[in-house]
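Novice: Pasting a structure below so you can have a look.
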There are 4 protein chains.
Amino acid sequence: VLEPPPASAPATSVVLVTCRDERGLIHRLTGVLLRHGANIVSNDEFVDRASQRFFMRSEFEGREAGPAIVTEIAAALPPDATVRASGPAPPRIVLMATREHHCLGELLLRHMHGELGAIVLGVVSNRSNLRELTTRFDVPFHYVPHDNLDRVEHEAAVASVLEPLEPDYLVLAKYMRILSPAFVARYPARIINIHHSFLPAFIGADPYGQAFERGVKIIGATAHFVTRDLDQGPIIAQEVIPVDHSYRPEEMAQAGRDVEKIVLAKALRLVLEHRVFVIGNRTVVFE
Amino acid sequence: VLEPPPASAPATSVVLVTCRDERGLIHRLTGVLLRHGANIVSNDEFVDRASQRFFMRSEFEGREAGPAIVTEIAAALPPDATVRASGPAPPRIVLMATREHHCLGELLLRHMHGELGAIVLGVVSNRSNLRELTTRFDVPFHYVPHDNLDRVEHEAAVASVLEPLEPDYLVLAKYMRILSPAFVARYPARIINIHHSFLPAFIGADPYGQAFERGVKIIGATAHFVTRDLDQGPIIAQEVIPVDHSYRPEEMAQAGRDVEKIVLAKALRLVLEHRVFVIGNRTVVFE
Amino acid sequence: VLEPPPASAPATSVVLVTCRDERGLIHRLTGVLLRHGANIVSNDEFVDRASQRFFMRSEFEGREAGPAIVTEIAAALPPDATVRASGPAPPRIVLMATREHHCLGELLLRHMHGELGAIVLGVVSNRSNLRELTTRFDVPFHYVPHDNLDRVEHEAAVASVLEPLEPDYLVLAKYMRILSPAFVARYPARIINIHHSFLPAFIGADPYGQAFERGVKIIGATAHFVTRDLDQGPIIAQEVIPVDHSYRPEEMAQAGRDVEKIVLAKALRLVLEHRVFVIGNRTVVFE
Amino acid sequence: VLEPPPASAPATSVVLVTCRDERGLIHRLTGVLLRHGANIVSNDEFVDRASQRFFMRSEFEGREAGPAIVTEIAAALPPDATVRASGPAPPRIVLMATREHHCLGELLLRHMHGELGAIVLGVVSNRSNLRELTTRFDVPFHYVPHDNLDRVEHEAAVASVLEPLEPDYLVLAKYMRILSPAFVARYPARIINIHHSFLPAFIGADPYGQAFERGVKIIGATAHFVTRDLDQGPIIAQEVIPVDHSYRPEEMAQAGRDVEKIVLAKALRLVLEHRVFVIGNRTVVFE
């Protein structure tokens, strides 16, 4: 398994906190960090007025936010608080794909050069045609065919590959199988998907044919966490690209692929750098 | 009525042609223009493969594409052809609005400085609060209240204002009344509307509240021709603007207004410069 | 003088702090705010590693950051700290322009509808042709001609208009006179200018002619604070707009005007909302 | 050598014409195509008013614009005309790079999947470290070290590799050696370079350090043809990406790499699809 080369930037650690808002939270939290001698490099806070919830991301010098800091922070907060911290090693991810190469290739290329900030444990696919691309980058390829299997059986087969890998995140890089609620529930806010989506959005088969018929002037893509409602989970990042009347449906699809790979790479970077909170069906992203 | 100051660019005329595609069309059409001594400044053609239709926009020197050219071009084409030509005067437009000032103000400001390329015949509104803004720019304001009127009666009142003005185009600059199919049918491909629209699109009341709940990262706007299906007509222009979690619904609405006025101004410019064809529910736009 | 209508959002106050970085700053500062019962709505911090300086913007509920808070914050910080606070009234601004209307019109229109967040004290111009536009918006117009005056004399005449107005900021909305270092020194980081600037940048006369000759595909604009080096001051905001070979120099100029007014309006909003710090020749902008 | 898989779109051919403008050119040219039974799919014309030159790109059905068409077109035009036509095979290109992988990887990935529309003859580098990346894609890698060679000697070594390959275009995918005028003269308008360039542009060493010091809010990249003045040749494409105060110089460099690879890929597509004319130091690009 390829591991990224050591980063050149000074190593930093991150603590993420969310709880109901009350006065003095920032003061209390930075007090804990101060007592531990943590030198804060960057601190972001946000209070969501609709839900009256507080969010904070503290990035400080040092390779690890040790368990003592996390415990002490949790103790200083209201009982509903959740506290997450970056660990001593980069996050571990598995890439899942079906037939299309554009998103997978972009991520493998960034990974090869240590720009992904993750340990790529492998690629899982229900097709075999991306094996060649994957193995060119020395990444293990797990072919889990779905032929003659119902969804429960196929997901069990996928799960048996995933479990020993112990991934922190699954990245659906154009994985075209719908995941069951039971499967999704194992990875809450830990499955990232890329979705073609238009202005206005098109649902169902042949979205680019629909976009062509509607004569759209912009094509977009949305990266989001997967929840029970496959394409309705919290949005992490969105981008668009202009098109015009001269685009045939297949050219709209190519423009869509170009923007999909950029959006997925951006969303993954935000997640791996611990910049994303989920709040209901929305996200708070400290870019 | 304010008329735009004479433009500084050398005056040009435009002929627009559309018909079913066949070999030799460009050759034939440019032959007519050549015989009339027209010096072509810019020529755009497009063949839509899906419908096998041909589109051409010829811009040539001289203030007017005279009737002789139009007649001769029509005679040179298949019987299904439609030929349009710019006239000796700028297009005549009426602006319609309800309460919101941002689109109307943008257009009036451009008009005051002769940048709109149209004769603005007046503003029609079902509210009175934009009267002050309109009259600051010396443009006639027609208040046509809808109180105690049903839709048919109100549209009749609007029509009685519009008819003597003989507008070429109606510009719905945040006009919040739904137009009946009968009204729309009087101005085919001649009513331009601006529609907030999101990624994914939100329909119905309180779109910015919905966008907030969905946690979108991009807000957009769509300018389109009005057809029987109010917000489903052929799209002329679309733009987006990025937002993030820190936007409250009212801030999303402000961002939406900023992009709406830009898109509407752009779409109107394209129409007034005779750059837009309608084909089914799509447009061909020669920018 | 037009004053903006009362804003609908709950009134908030802002404190801006900058000093050399040291441990515990956020903790100390939020402690002061906590003791004063300030409920923080949004807090941004940044440490610039190159200069080892700390920046913080705290926005909290309540119409005013009273002098007591400012004094106590200053006392809690290293001696090199600077502390600024929003006052009980919106900032007071003067707009300065020469001939071109696009930036001035955009700002006056936003102001008319209470979207600018400032008290517009007047427009100062060395030409008279923008008087009509200005007075349409009921804003005082001060014509300060420069004919037969040298720069020192003209600036003295401008200063005699400005001084009784006591502006917080001067906004150069296409003011085409070069300001002397002595004049600029009276308004440190308080004069905002909009500068056409290209990729690559063009200096000197006829920038759009130069851009045309160079065949650029993008045109941009830069809003910045004015320092002794007129167009070299700290950048607040930049945007671009695509162009192509079909743009004549005058069309490039129109595209430039469209982007200039948007960038200037954005930069002014950032400044008026107390979101901009100057550090050397750079800015820290908490958007 | 990898050859791209057959494209799925119906094969088309392209003829490019430029000459001084005169009346009737489009009519005459389309007359030649009509006589040869060419079915025009897309026709673009442009008259550059500054130089009074005419440009036309005709794309028509059929795999090849045969020599007869080219000869007959040339005969129908003024003596200063130049006529180019697409050949029966895709263009042949050589990629040149030094140390940085981002542009090379993007092009190799697109090539692997048949999206480049070119035959990639090989990669030439004055360093060996990109050998691994190149050979993963089964593309020949030519290491031409410059140690102990002066520029003339090194260029002779490069030329001895290039000549037997007979490339149509050289793509400088972050090739960091300055090419001599004599070398450039062998490939007029056939060498494509990618240049980091900022708003305002920074020249000389450490451009990202300079951009950081200047506090820019946008970073850009420019793809251009190489002429005697290395970074001053005709611009093919430009794009930008927003940055802010939180970007360290190395993060600005990463943002620059992201935009560089996109711009270079776009410019190369435009050139390979025969969409680019050079006129003096500008380009006409029929997108």
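Numbering starts fresh at 1 for the residues of each chain in the structure tokens, the chains themselves are lettered A, B, ... in the order given, and ligands are numbered from 1 as they appear.
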Within 10 Å of chain A, which residues of chain B come that close, and what is the closest atom pair and distance in Å for each? Count only C-alpha atoms and give it as a tab-separated table.
Specialist:
residue	atom	partner	partner_atom	distance
B:Phe46	CA	A:Ser246	CA	7.6
B:Val47	CA	A:Ser246	CA	8.6
B:Asp48	CA	A:Ser246	CA	7.7
B:Arg49	CA	A:Arg248	CA	8.3
B:Ala50	CA	A:Arg248	CA	8.6
B:Ser197	CA	A:Pro200	CA	6.9
B:Phe198	CA	A:Leu199	CA	6.4
B:Leu199	CA	A:Leu199	CA	5.3
B:Pro200	CA	A:Ala201	CA	4.7
B:Ala201	CA	A:Pro200	CA	4.8
B:Phe202	CA	A:Pro200	CA	8.3
B:Phe212	CA	A:Arg282	CA	8.3
B:Glu213	CA	A:Arg282	CA	6.9
B:Arg214	CA	A:Arg282	CA	6.1
B:Gly215	CA	A:Arg282	CA	4.6
B:Val216	CA	A:Ile235	CA	6.5
B:Lys217	CA	A:Gln238	CA	5.9
B:Ile218	CA	A:Gln238	CA	6.5
B:Ile219	CA	A:Leu199	CA	9.8
B:Gly220	CA	A:Leu199	CA	7.9
B:Ala221	CA	A:Leu199	CA	8.9
B:Thr222	CA	A:Leu199	CA	8.6
B:Gln232	CA	A:Arg214	CA	8.5
B:Gly233	CA	A:Arg214	CA	8.8
B:Pro234	CA	A:Gly215	CA	7.0
B:Ile235	CA	A:Gly215	CA	6.4
B:Ile236	CA	A:Lys217	CA	7.8
B:Ala237	CA	A:Lys217	CA	6.3
B:Gln238	CA	A:Lys217	CA	5.9
B:Glu239	CA	A:Ile218	CA	7.5
B:Val240	CA	A:Val240	CA	8.0
B:Ile241	CA	A:Glu239	CA	9.8
B:Pro242	CA	A:Glu239	CA	8.6
B:Val243	CA	A:Gln238	CA	10.0
B:Asp244	CA	A:Val285	CA	7.6
B:His245	CA	A:Val284	CA	5.4
B:Ser246	CA	A:Phe46	CA	7.6
B:Tyr247	CA	A:Asp48	CA	9.7
B:Arg248	CA	A:Arg49	CA	8.3
B:Pro249	CA	A:Ala50	CA	9.9
B:Ile279	CA	A:Gly215	CA	9.5
B:Gly280	CA	A:Glu213	CA	8.9
B:Asn281	CA	A:Arg214	CA	6.4
B:Arg282	CA	A:Gly215	CA	4.6
B:Thr283	CA	A:Gly215	CA	6.5
B:Val284	CA	A:His245	CA	5.4
B:Val285	CA	A:His245	CA	6.9
B:Phe286	CA	A:His245	CA	9.0
B:Glu287	CA	A:Asp244	CA	9.8
Novice: Compile the contact shell of Leu121 (chain B) as a count of residues only: residues with an atom at most 9 Å away, counting only C-alpha atoms, same-chain residues fewer than 4 positions apart removed.
Specialist: 11
Novice: Identify, with DSSP run on backbone atoms, the residues in region 35-243 of chain C assigned to strand (DSSP E or B), and express the list as number ranges by chain.
Specialist: C: 40-48, 53-61, 82-85, 92-97, 119-125, 141-143, 169-172, 191-198, 218-225, 235-242
Novice: Which residues come within 6 Å of region 75-85 of chain D, counting only C-alpha atoms, excluding same-chain residues fewer than 4 positions away, as a PDB file with C-alpha atoms, in the first residue's frame?
Specialist:
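The result, written out as out-v4.pdb:
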ATOM      1  CA  VAL D  14     -11.469  20.679 -40.746  1.00  0.00           C
ATOM      2  CA  VAL D  15     -10.188  23.362 -43.114  1.00  0.00           C
ATOM      3  CA  LEU D  16      -8.736  26.600 -41.739  1.00  0.00           C
ATOM      4  CA  VAL D  17      -8.416  29.655 -43.937  1.00  0.00           C
ATOM      5  CA  THR D  18      -7.010  33.118 -43.311  1.00  0.00           C
ATOM      6  CA  CYS D  19      -6.460  35.949 -45.750  1.00  0.00           C
TER       7      CYS D  19
END
Novice: Mind checking which residues fall within 7 Å of Gly62 (chain D), counting only C-alpha atoms, ignoring those fewer than 2 positions away in the same chain, and posting them as a PyMOL selection string?
Specialist: chain D and resi 11-13+60+64
